[in-house]
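One structure is given here, and the rest of the page talks about it.
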Number of protein chains: 2
Amino acid sequence: MKVSELGEFGLIGILADIVGRGKERGVAPAEKLLTGIGDDAAVWQGENYLQLATTDSLVEGVHFDPGTVSWEEIGYKAIAVNLSDIAAMGGTPEYCLVSLALPGETDVDDVKQLYYGMSGIADQFGTAIAGGNVSSAREVMITVTIFGILKGSSALTRSGARVGDKIAITGYTGLSAAWVKMMKTVLPLDMESAALLRQAHLKPVPRIEEGRNLLKYGVKAAIDISDGLIADLTHICEASKVGAVLHEDLVPVHPVLETYFPDDRYQLVFTGGEDYELLFTAPDDIMKDVERNVSCPVHPVGEITGEVDEHVIIIDGKGSRVRFRKSGWAHF
Amino acid sequence: MKVSELGEFGLIGILADIVGRGKERGVAPAEKLLTGIGDDAAVWQGENYLQLATTDSLVEGVHFDPGTVSWEEIGYKAIAVNLSDIAAMGGTPEYCLVSLALPGETDVDDVKQLYYGMSGIADQFGTAIAGGNVSSAREVMITVTIFGILKGSSALTRSGARVGDKIAITGYTGLSAAWVKMMKTVLPLDMESAALLRQAHLKPVPRIEEGRNLLKYGVKAAIDISDGLIADLTHICEASKVGAVLHEDLVPVHPVLETYFPDDRYQLVFTGGEDYELLFTAPDDIMKDVERNVSCPVHPVGEITGEVDEHVIIIDGKGSRVRFRKSGWAHF
């Protein structure tokens, strides 16, 4: 069977089975591993704190096209998507390694711009780029690994959702995918709206402070929205063995989507992906605390229910079920 | 300027300048960073121990050709080359992340074999594969990051060599490059010799225990031989601001090289690369302790001298200087 037939998440399941159960095989560090493959970051018990580590790659032609974005933006995003995984665990990023593969004919100035982009956001989030590696390759690939800490007894995880929890998201979804759509269809947006979409796609702000605050107010379950709202809520449902209902009339639609994407706005909001907002669940009282105290817009969007076959159900304002063509962004 | 004109090490210098001095820019973790870009692994002060982190990629068509090696061997080597970087610092590996990029048409069974190879060596060295990431790409690239610890006050570094130190290596060099040469020229080796070269190239054994012992007996400077004996000794000389003399008649030549590569044996031994043996320097008394106590062959090969323009000089048995065409394996 080909990887494309099995799909990204099927493949990850198989690989997790192969490397899992290290504890049973006598691998000492596996005994301190609290969260392995299948969450936003790995978590292990350090001497005093929890230790977090995550890795993610940007691949030329898959995640970016150097013809339409600047190298500085690519560098920013390569770090941002990894910081977002640390945010989704409620952690604090500390150190970063960069493995860079690129063709020999790449311009040195482009690589410098790439590193200015990485260095800028690393500084902004108090993260030191501590090392890395350079290889030649036919296509550019930037793999970033971030190492963080969490001063508490447990991280936010995908498996922490409970029946009766409210579901909420920070900020808006769909804006990043709208930029991709805009670039494909050459939609005539006003300058300000176009800049907002470009910012959402290329300069997402990792919700580090928000993630830490969610943990502080008692939230247990979170994920960052990289694959799309439905797809990432499905990841939470699978890991927590629960179902979920999303209310179409609660899910926030940004005014730019209302104006320029009237037919696709819900498609974008529910399935767009690469938003790097946090999706989280918590009992009602905790959710109220979060809404009052977190520094960005928090939008309630649904509830966790008992386990259902499809995991995530979407209901419109009249109580009818809504279906979308595609549940989110996935490799292969 | 193109990256290929600047070269791998020139590029790393420029990138280190861009991300360096994080401490001056107020990045808190940078204050605990003891070794940043430019050594085998990054080192920072953890709560109780030193923390080590390293990353390295294997790229299809650059580091391996799936037509001539098995996926299990590729998986083994992807982990081994990173473990070797931890060994070169004197550390103990603990956790590993794998970022895998591959075309959708890759066979799932091949990916499983890749992970069996990774899981096998990770188990062998007590390292837990804690997470990772899967992306689509046109060519296969495996990026591994390993986190380790070091229970001591300082790591082995490239900058620890001092004038008067003896230089030694563990095991033999040139065998890995001899395998590459054998595959290109279809040399008719006996089965046992061919298997030994294949093992050296595809199943190098990271010198984890030896690295820890070097540190224990007081060695300060080490590097793993990935670029070649001369090239890696040059890295030590540059970082330590010293020079070095290698004695051609001291450097060990494996019998298989004597037999099958009589004309190229010294070329292979001095410039081959991908040996993953440890090259280290220490005062004479420490070196004698190491030779008595380390569990693998330790070969003295030269001395550290005052700084010289060319860094590394090779002298034959008659005291004449020897030169080699190429100082080692480098990207671009």
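Ligands are numbered from 1 in the order shown, chains are lettered A, B, ... in the order of the structure tokens, and residues start at 1 in each chain.
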Polymer residues at most 9 Å from A:Gly117, only C-alpha atoms, same-chain spacing of 5 or more positions, as a PDB file with C-alpha atoms, in the first residue's frame:
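To be explicit, this is the file written out as result.pdb:
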ATOM      1  CA  TRP A  71      12.466  34.183   2.620  1.00  0.00           C
ATOM      2  CA  GLU A  72      12.068  36.223   5.783  1.00  0.00           C
ATOM      3  CA  GLU A  73       8.382  35.179   5.911  1.00  0.00           C
ATOM      4  CA  ILE A  74       9.309  31.517   5.372  1.00  0.00           C
ATOM      5  CA  GLY A  75      11.787  31.736   8.264  1.00  0.00           C
ATOM      6  CA  TYR A  76       9.219  33.377  10.518  1.00  0.00           C
ATOM      7  CA  LYS A  77       6.623  30.729   9.741  1.00  0.00           C
ATOM      8  CA  ALA A  78       9.014  27.782  10.181  1.00  0.00           C
ATOM      9  CA  ILE A  79       9.532  28.877  13.795  1.00  0.00           C
ATOM     10  CA  LYS A 112      20.339  35.191   5.406  1.00  0.00           C
ATOM     11  CA  ALA A 122      12.713  33.506  18.175  1.00  0.00           C
TER      12      ALA A 122
END
May I have a table of the residues of chain A lying at most 6 Å from chain B, giving each one's closest pair of atoms and their distance in Å to one decimal, counting only C-alpha atoms, ordered by chain and ascending residue number, as a tab-separated table?
residue	atom	partner	partner_atom	distance
A:Met1	CA	B:Val108	CA	5.7
A:Lys2	CA	B:Asp107	CA	4.5
A:Val3	CA	B:Gly104	CA	5.1
A:Ser4	CA	B:Gly104	CA	4.4
A:Val19	CA	B:Ser119	CA	5.5
A:Val27	CA	B:Gly126	CA	4.8
A:Pro29	CA	B:Glu94	CA	5.7
A:Ala30	CA	B:Ala128	CA	5.4
A:Gly36	CA	B:Ala130	CA	4.7
A:Ile37	CA	B:Gly131	CA	4.3
A:Ala42	CA	B:Gly131	CA	5.7
A:Thr55	CA	B:Gly132	CA	5.8
A:Asp56	CA	B:Asn133	CA	5.8
A:Glu94	CA	B:Pro29	CA	5.7
A:Gly104	CA	B:Ser4	CA	4.4
A:Glu105	CA	B:Lys2	CA	5.2
A:Thr106	CA	B:Lys2	CA	5.5
A:Asp107	CA	B:Lys2	CA	4.4
A:Val108	CA	B:Val3	CA	5.3
A:Ser119	CA	B:Val19	CA	5.5
A:Gly126	CA	B:Val27	CA	4.8
A:Ala128	CA	B:Ala30	CA	5.4
A:Ala130	CA	B:Gly36	CA	4.6
A:Gly131	CA	B:Ile37	CA	4.3
A:Gly132	CA	B:Thr55	CA	5.8
A:Asn133	CA	B:Asp56	CA	5.8
A:Ser135	CA	B:His331	CA	5.9
A:Ser136	CA	B:His331	CA	5.7
A:His331	CA	B:Ser136	CA	5.7
A:Phe332	CA	B:Gly104	CA	5.2
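Reported to one decimal place, the separation of atom CA of A:Gly67 from atom CA of A:Gly171 is 29.0 Å.
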Would you list the contacts of B:Gln267 as a ChimeraX atom specification, taking every protein, DNA or RNA residue within 12 Å and counting only C-alpha atoms, but skipping same-chain residues closer than 2 positions in sequence? /B:173-175,177-178,181,228-230,248,251,253,257-258,261-265,269-273,314,322-328
Can you tell me, as a PyMOL selection string, what residues are no more than 10 Å from B:Arg162 when counting only C-alpha atoms, ignoring any on the same chain fewer than 6 positions away? chain B and resi 220-221+237+240-243+281-283+303-306
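Atom CA of B:Thr68 to atom CA of B:Asp224 spans 25.3 Å [interatomic distance, one decimal].
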Identify, with DSSP run on backbone atoms, the residues in stretch 26-244 of chain A assigned to strand (DSSP E), and express the list as a count of residues only. 58
Skipping near chain neighbours, those fewer than 2 positions away, what residues fall within 9 Å of A:His201 using only C-alpha atoms, listed as a PyMOL selection string? chain A and resi 77+175-180+196-199+203-204+274-275
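Using only C-alpha atoms for every distance, the candidate list A:Ala239, A:Ala194, A:Ile169, A:Ala155 yields A:Ala155 as the residue closest to A:Gly218.
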A:Glu238 proximity check over A:Leu52, A:Val301, A:Leu150, A:Val308, using only C-alpha atoms: winner is A:Val308
